[in-house]
Amino acid sequence: MFSEELWPENEKKCAVLRKPKQGRKRQELLAMALGVKVGVKGAFLWPPLKLFACSQISSLVRRAALTHNDNHFNYEKTHNFKVHTFRGPHWCEYCANFMWGLIAQGVRCSDCGLNVHKQCSKHVPNDCQPDLKRIKKVYCCDLTTLVKAHNTQRPMVVDICIREIEARGLKSEGLYRVSGFTEHIEDVKMAFDREISNADERLEAVHDVLMLLPPAHYETLRYLMIHLKKVTMNEKDNFMNAENLGIVFGPTLMRSPEDSTLTTLHDMRYQKLIVQILIENEDVLF
């Protein structure tokens with residue numbers, strides 16, 4: 001038996017022996033998860049394997065987040081794959097293997113940005129979640145792509161038009177029978193497309209600014225916007241929509257550094273608009 005004096009020393013030796021074994025175990029588990037055989041040359045392959053794991057796991061996490069996002073309506077959508085030439089090393093986000101070649105190494109979904117081998121594209125499930133940045137128009141766009149990108153049950157243009165007709169057009173003579181002027185119809189379609197494009201660019205700009213906030217400021221603003229969004233859900237009782245809340249909270253959250261009455265009055269409209277955007281798009285921006 002070991003003496004009491006030798007016991008700590010032996011413990012240290014055992015710990016030293018355990019560390020390499022634990023390290024090899026981690027390497028084996030990661031290699032197994034990624035479908036890579038390390039073999040006896042594991043020490044040489046381990047650094048690039050870790051680099052590969054970081055990029056691969058981040059892409060898989062992105063796909064999982066899109067697939068399991070409960071905020072999106074459960075419409076199935078096939079991926080819109082097109083042959084793509086990748087710059088720099090890329091790995092297939094389906095099979096996790098390297099994409100070889102100098103040109104046309106694989107395919108990319110033009111709606112969500114998923115990168116896979118051409119052969120793997122035949123086996124990818126219908127779980128495409130379109131990226132809002134890639135959808136630039138309302139008309140001449142696939143219906144499922146449009147509603148999934150904007151996280152709505154129906155195209156917003158349908159809601160807007162029906163709401164307008166029911167508000168002031170139900171008693172109009174010849175409703176849906178008399179055709180409108182082609183020029184007017186095209187103007188309305190262009191206005192919808194322009195508004196969608198401008199709204200997307202505006203949301204992207206607001207999101208970029210939010211990413212510049214210190215963590216404490218970001219988390220406080222995020223929590224407040226979640227609360228204010230819940231307030232708007234009870235608008236029928238409290239009469240407080242996003243615009244009204246923007247009027248109340250705008251001057252407080254976005255106070256101008258200049259203590260000028262004229263500047264304050266000038267900024268009020270923009271303060272209200274920004275807070276209104278944050279509330280209405282809380283689930284997208286945060």
# chains A, B, ... in the order shown; residues from 1 in each chain; ligands from 1
>>> residues_around(residues="stretch 150-166 of chain A", least_positions_apart="4", cutoff="10 Å", atoms="only C-alpha atoms", output="PDB file with N, CA and C atoms, in the first residue's frame")
ATOM      1  N   ASN A  71     -41.078  30.764 -34.368  1.00  0.00           N
ATOM      2  CA  ASN A  71     -41.775  31.968 -34.812  1.00  0.00           C
ATOM      3  C   ASN A  71     -42.255  31.845 -36.260  1.00  0.00           C
ATOM      4  N   HIS A  72     -41.676  30.917 -37.021  1.00  0.00           N
ATOM      5  CA  HIS A  72     -42.019  30.804 -38.424  1.00  0.00           C
ATOM      6  C   HIS A  72     -43.149  29.800 -38.623  1.00  0.00           C
ATOM      7  N   PHE A  73     -44.050  30.109 -39.545  1.00  0.00           N
ATOM      8  CA  PHE A  73     -45.171  29.230 -39.819  1.00  0.00           C
ATOM      9  C   PHE A  73     -44.672  27.975 -40.522  1.00  0.00           C
ATOM     10  N   ASN A  74     -45.312  26.871 -40.225  1.00  0.00           N
ATOM     11  CA  ASN A  74     -44.813  25.569 -40.637  1.00  0.00           C
ATOM     12  C   ASN A  74     -45.238  25.239 -42.067  1.00  0.00           C
ATOM     13  N   TYR A  75     -44.668  25.974 -43.025  1.00  0.00           N
ATOM     14  CA  TYR A  75     -44.888  25.681 -44.435  1.00  0.00           C
ATOM     15  C   TYR A  75     -43.643  24.983 -44.977  1.00  0.00           C
ATOM     16  N   GLN A 129     -35.603  27.953 -45.207  1.00  0.00           N
ATOM     17  CA  GLN A 129     -36.120  29.144 -44.542  1.00  0.00           C
ATOM     18  C   GLN A 129     -35.504  30.360 -45.218  1.00  0.00           C
ATOM     19  N   PRO A 130     -36.231  30.975 -46.173  1.00  0.00           N
ATOM     20  CA  PRO A 130     -35.654  32.064 -46.962  1.00  0.00           C
ATOM     21  C   PRO A 130     -35.124  33.202 -46.097  1.00  0.00           C
ATOM     22  N   ASP A 131     -34.007  33.760 -46.554  1.00  0.00           N
ATOM     23  CA  ASP A 131     -33.388  34.910 -45.889  1.00  0.00           C
ATOM     24  C   ASP A 131     -34.029  36.181 -46.431  1.00  0.00           C
ATOM     25  N   LEU A 132     -34.466  37.039 -45.520  1.00  0.00           N
ATOM     26  CA  LEU A 132     -35.167  38.261 -45.922  1.00  0.00           C
ATOM     27  C   LEU A 132     -34.303  39.134 -46.825  1.00  0.00           C
ATOM     28  N   ILE A 135     -34.821  38.375 -50.599  1.00  0.00           N
ATOM     29  CA  ILE A 135     -36.137  38.582 -51.216  1.00  0.00           C
ATOM     30  C   ILE A 135     -36.331  40.082 -51.428  1.00  0.00           C
ATOM     31  N   VAL A 138     -42.201  41.729 -54.154  1.00  0.00           N
ATOM     32  CA  VAL A 138     -43.437  41.046 -53.764  1.00  0.00           C
ATOM     33  C   VAL A 138     -43.994  40.247 -54.929  1.00  0.00           C
ATOM     34  N   TYR A 139     -44.072  40.892 -56.086  1.00  0.00           N
ATOM     35  CA  TYR A 139     -44.653  40.252 -57.268  1.00  0.00           C
ATOM     36  C   TYR A 139     -43.589  39.422 -57.996  1.00  0.00           C
ATOM     37  N   LEU A 143     -44.862  32.139 -53.743  1.00  0.00           N
ATOM     38  CA  LEU A 143     -45.733  32.493 -52.613  1.00  0.00           C
ATOM     39  C   LEU A 143     -45.175  31.979 -51.280  1.00  0.00           C
ATOM     40  N   THR A 144     -44.775  30.702 -51.241  1.00  0.00           N
ATOM     41  CA  THR A 144     -44.245  30.141 -50.002  1.00  0.00           C
ATOM     42  C   THR A 144     -42.955  30.835 -49.597  1.00  0.00           C
ATOM     43  N   THR A 145     -42.113  31.138 -50.573  1.00  0.00           N
ATOM     44  CA  THR A 145     -40.870  31.863 -50.289  1.00  0.00           C
ATOM     45  C   THR A 145     -41.160  33.208 -49.659  1.00  0.00           C
ATOM     46  N   LEU A 146     -42.147  33.901 -50.190  1.00  0.00           N
ATOM     47  CA  LEU A 146     -42.489  35.239 -49.708  1.00  0.00           C
ATOM     48  C   LEU A 146     -42.995  35.219 -48.272  1.00  0.00           C
ATOM     49  N   LEU A 170     -66.272  48.527 -50.103  1.00  0.00           N
ATOM     50  CA  LEU A 170     -67.278  47.467 -50.221  1.00  0.00           C
ATOM     51  C   LEU A 170     -68.539  47.926 -50.952  1.00  0.00           C
ATOM     52  N   LYS A 171     -68.825  49.226 -50.902  1.00  0.00           N
ATOM     53  CA  LYS A 171     -70.039  49.743 -51.541  1.00  0.00           C
ATOM     54  C   LYS A 171     -69.754  50.380 -52.893  1.00  0.00           C
ATOM     55  N   SER A 172     -68.523  50.249 -53.374  1.00  0.00           N
ATOM     56  CA  SER A 172     -68.167  50.835 -54.669  1.00  0.00           C
ATOM     57  C   SER A 172     -68.831  50.046 -55.803  1.00  0.00           C
ATOM     58  N   LEU A 175     -67.364  46.689 -58.016  1.00  0.00           N
ATOM     59  CA  LEU A 175     -66.228  46.145 -57.281  1.00  0.00           C
ATOM     60  C   LEU A 175     -65.834  44.777 -57.839  1.00  0.00           C
ATOM     61  N   LYS A 189     -48.021  48.229 -57.908  1.00  0.00           N
ATOM     62  CA  LYS A 189     -47.098  47.088 -57.781  1.00  0.00           C
ATOM     63  C   LYS A 189     -45.677  47.562 -57.530  1.00  0.00           C
ATOM     64  N   PHE A 192     -45.316  48.748 -53.929  1.00  0.00           N
ATOM     65  CA  PHE A 192     -45.185  47.636 -52.975  1.00  0.00           C
ATOM     66  C   PHE A 192     -43.762  47.066 -53.008  1.00  0.00           C
ATOM     67  N   ASP A 193     -43.239  46.832 -54.211  1.00  0.00           N
ATOM     68  CA  ASP A 193     -41.886  46.293 -54.330  1.00  0.00           C
ATOM     69  C   ASP A 193     -40.853  47.239 -53.732  1.00  0.00           C
ATOM     70  N   ILE A 196     -41.107  47.243 -49.871  1.00  0.00           N
ATOM     71  CA  ILE A 196     -40.522  46.024 -49.290  1.00  0.00           C
ATOM     72  C   ILE A 196     -39.006  46.121 -49.298  1.00  0.00           C
ATOM     73  N   ASP A 200     -36.620  46.308 -45.959  1.00  0.00           N
ATOM     74  CA  ASP A 200     -35.578  45.323 -45.687  1.00  0.00           C
ATOM     75  C   ASP A 200     -34.237  46.000 -45.412  1.00  0.00           C
ATOM     76  N   ASP A 283     -38.971  40.401 -32.944  1.00  0.00           N
ATOM     77  CA  ASP A 283     -38.558  38.999 -33.128  1.00  0.00           C
ATOM     78  C   ASP A 283     -37.496  38.846 -34.205  1.00  0.00           C
ATOM     79  N   VAL A 284     -37.357  39.833 -35.089  1.00  0.00           N
ATOM     80  CA  VAL A 284     -36.363  39.766 -36.156  1.00  0.00           C
ATOM     81  C   VAL A 284     -35.056  40.454 -35.765  1.00  0.00           C
TER      82      VAL A 284
END
>>> residues_around(residues="A:Phe249", least_positions_apart="5", cutoff="12 Å", atoms="only C-alpha atoms", output="PDB file with N, CA, C and O atoms, in the first residue's frame")
ATOM      1  N   LEU A 221     -32.375  46.778 -23.767  1.00  0.00           N
ATOM      2  CA  LEU A 221     -33.274  47.204 -24.848  1.00  0.00           C
ATOM      3  C   LEU A 221     -34.074  46.018 -25.372  1.00  0.00           C
ATOM      4  O   LEU A 221     -35.281  46.132 -25.630  1.00  0.00           O
ATOM      5  N   LEU A 224     -36.844  45.150 -22.931  1.00  0.00           N
ATOM      6  CA  LEU A 224     -37.894  46.164 -22.954  1.00  0.00           C
ATOM      7  C   LEU A 224     -38.764  46.028 -24.200  1.00  0.00           C
ATOM      8  O   LEU A 224     -40.000  46.158 -24.123  1.00  0.00           O
ATOM      9  N   MET A 225     -38.152  45.743 -25.340  1.00  0.00           N
ATOM     10  CA  MET A 225     -38.917  45.606 -26.578  1.00  0.00           C
ATOM     11  C   MET A 225     -39.827  44.382 -26.542  1.00  0.00           C
ATOM     12  O   MET A 225     -40.944  44.405 -27.067  1.00  0.00           O
ATOM     13  N   LEU A 228     -42.787  45.559 -24.539  1.00  0.00           N
ATOM     14  CA  LEU A 228     -43.647  46.487 -25.280  1.00  0.00           C
ATOM     15  C   LEU A 228     -44.406  45.770 -26.393  1.00  0.00           C
ATOM     16  O   LEU A 228     -45.534  46.151 -26.724  1.00  0.00           O
ATOM     17  N   MET A 240     -52.892  51.009 -26.972  1.00  0.00           N
ATOM     18  CA  MET A 240     -51.482  51.368 -27.150  1.00  0.00           C
ATOM     19  C   MET A 240     -50.863  50.465 -28.219  1.00  0.00           C
ATOM     20  O   MET A 240     -50.517  49.312 -27.969  1.00  0.00           O
ATOM     21  N   ALA A 242     -47.857  50.169 -31.499  1.00  0.00           N
ATOM     22  CA  ALA A 242     -46.424  50.445 -31.573  1.00  0.00           C
ATOM     23  C   ALA A 242     -46.147  51.931 -31.798  1.00  0.00           C
ATOM     24  O   ALA A 242     -45.179  52.481 -31.264  1.00  0.00           O
ATOM     25  N   GLU A 243     -47.011  52.585 -32.574  1.00  0.00           N
ATOM     26  CA  GLU A 243     -46.807  54.006 -32.838  1.00  0.00           C
ATOM     27  C   GLU A 243     -46.990  54.837 -31.568  1.00  0.00           C
ATOM     28  O   GLU A 243     -46.180  55.730 -31.273  1.00  0.00           O
ATOM     29  N   ASN A 244     -48.031  54.544 -30.799  1.00  0.00           N
ATOM     30  CA  ASN A 244     -48.261  55.288 -29.554  1.00  0.00           C
ATOM     31  C   ASN A 244     -47.136  55.052 -28.549  1.00  0.00           C
ATOM     32  O   ASN A 244     -46.698  55.983 -27.856  1.00  0.00           O
ATOM     33  N   MET A 254     -34.080  57.598 -26.802  1.00  0.00           N
ATOM     34  CA  MET A 254     -33.204  58.164 -27.829  1.00  0.00           C
ATOM     35  C   MET A 254     -33.041  59.669 -27.626  1.00  0.00           C
ATOM     36  O   MET A 254     -33.204  60.457 -28.552  1.00  0.00           O
ATOM     37  N   ARG A 255     -32.710  60.029 -26.409  1.00  0.00           N
ATOM     38  CA  ARG A 255     -32.544  61.448 -26.078  1.00  0.00           C
ATOM     39  C   ARG A 255     -31.338  62.025 -26.803  1.00  0.00           C
ATOM     40  O   ARG A 255     -30.265  61.424 -26.833  1.00  0.00           O
ATOM     41  N   MET A 268     -38.092  64.281 -32.597  1.00  0.00           N
ATOM     42  CA  MET A 268     -39.179  63.482 -32.033  1.00  0.00           C
ATOM     43  C   MET A 268     -39.782  62.515 -33.033  1.00  0.00           C
ATOM     44  O   MET A 268     -40.086  61.361 -32.710  1.00  0.00           O
ATOM     45  N   ARG A 269     -39.949  62.968 -34.265  1.00  0.00           N
ATOM     46  CA  ARG A 269     -40.564  62.109 -35.284  1.00  0.00           C
ATOM     47  C   ARG A 269     -39.693  60.882 -35.553  1.00  0.00           C
ATOM     48  O   ARG A 269     -40.193  59.763 -35.688  1.00  0.00           O
ATOM     49  N   TYR A 270     -38.370  61.083 -35.628  1.00  0.00           N
ATOM     50  CA  TYR A 270     -37.463  59.977 -35.900  1.00  0.00           C
ATOM     51  C   TYR A 270     -37.328  59.053 -34.685  1.00  0.00           C
ATOM     52  O   TYR A 270     -37.194  57.831 -34.832  1.00  0.00           O
ATOM     53  N   GLN A 271     -37.356  59.636 -33.486  1.00  0.00           N
ATOM     54  CA  GLN A 271     -37.308  58.821 -32.270  1.00  0.00           C
ATOM     55  C   GLN A 271     -38.507  57.890 -32.198  1.00  0.00           C
ATOM     56  O   GLN A 271     -38.380  56.696 -31.905  1.00  0.00           O
ATOM     57  N   LYS A 272     -39.670  58.441 -32.504  1.00  0.00           N
ATOM     58  CA  LYS A 272     -40.893  57.629 -32.492  1.00  0.00           C
ATOM     59  C   LYS A 272     -40.822  56.520 -33.526  1.00  0.00           C
ATOM     60  O   LYS A 272     -41.175  55.362 -33.257  1.00  0.00           O
ATOM     61  N   LEU A 273     -40.320  56.840 -34.716  1.00  0.00           N
ATOM     62  CA  LEU A 273     -40.257  55.873 -35.802  1.00  0.00           C
ATOM     63  C   LEU A 273     -39.311  54.717 -35.459  1.00  0.00           C
ATOM     64  O   LEU A 273     -39.636  53.546 -35.700  1.00  0.00           O
ATOM     65  N   ILE A 274     -38.140  55.032 -34.897  1.00  0.00           N
ATOM     66  CA  ILE A 274     -37.164  53.992 -34.562  1.00  0.00           C
ATOM     67  C   ILE A 274     -37.726  53.043 -33.507  1.00  0.00           C
ATOM     68  O   ILE A 274     -37.639  51.814 -33.631  1.00  0.00           O
ATOM     69  N   VAL A 275     -38.319  53.594 -32.447  1.00  0.00           N
ATOM     70  CA  VAL A 275     -38.885  52.746 -31.390  1.00  0.00           C
ATOM     71  C   VAL A 275     -40.035  51.917 -31.944  1.00  0.00           C
ATOM     72  O   VAL A 275     -40.198  50.741 -31.591  1.00  0.00           O
ATOM     73  N   GLN A 276     -40.819  52.494 -32.824  1.00  0.00           N
ATOM     74  CA  GLN A 276     -41.917  51.759 -33.457  1.00  0.00           C
ATOM     75  C   GLN A 276     -41.364  50.575 -34.262  1.00  0.00           C
ATOM     76  O   GLN A 276     -41.903  49.464 -34.193  1.00  0.00           O
ATOM     77  N   LEU A 278     -38.497  49.026 -33.745  1.00  0.00           N
ATOM     78  CA  LEU A 278     -37.948  48.056 -32.795  1.00  0.00           C
ATOM     79  C   LEU A 278     -39.044  47.173 -32.195  1.00  0.00           C
ATOM     80  O   LEU A 278     -38.871  45.965 -32.030  1.00  0.00           O
ATOM     81  N   ILE A 279     -40.199  47.780 -31.908  1.00  0.00           N
ATOM     82  CA  ILE A 279     -41.293  47.024 -31.307  1.00  0.00           C
ATOM     83  C   ILE A 279     -41.923  46.073 -32.334  1.00  0.00           C
ATOM     84  O   ILE A 279     -42.122  44.885 -32.063  1.00  0.00           O
TER      85      ILE A 279
END
>>> atom_distance(atom1="atom CA of A:Leu245", atom2="atom CA of A:Pro257")
21.7 Å
>>> closest_residue(among="A:Phe286, A:Phe181, A:Tyr94, A:Phe239", to="A:Glu219", atoms="only C-alpha atoms")
A:Phe286
>>> atom_distance(atom1="atom CA of A:Cys92", atom2="atom CA of A:Asn115")
6.0 Å
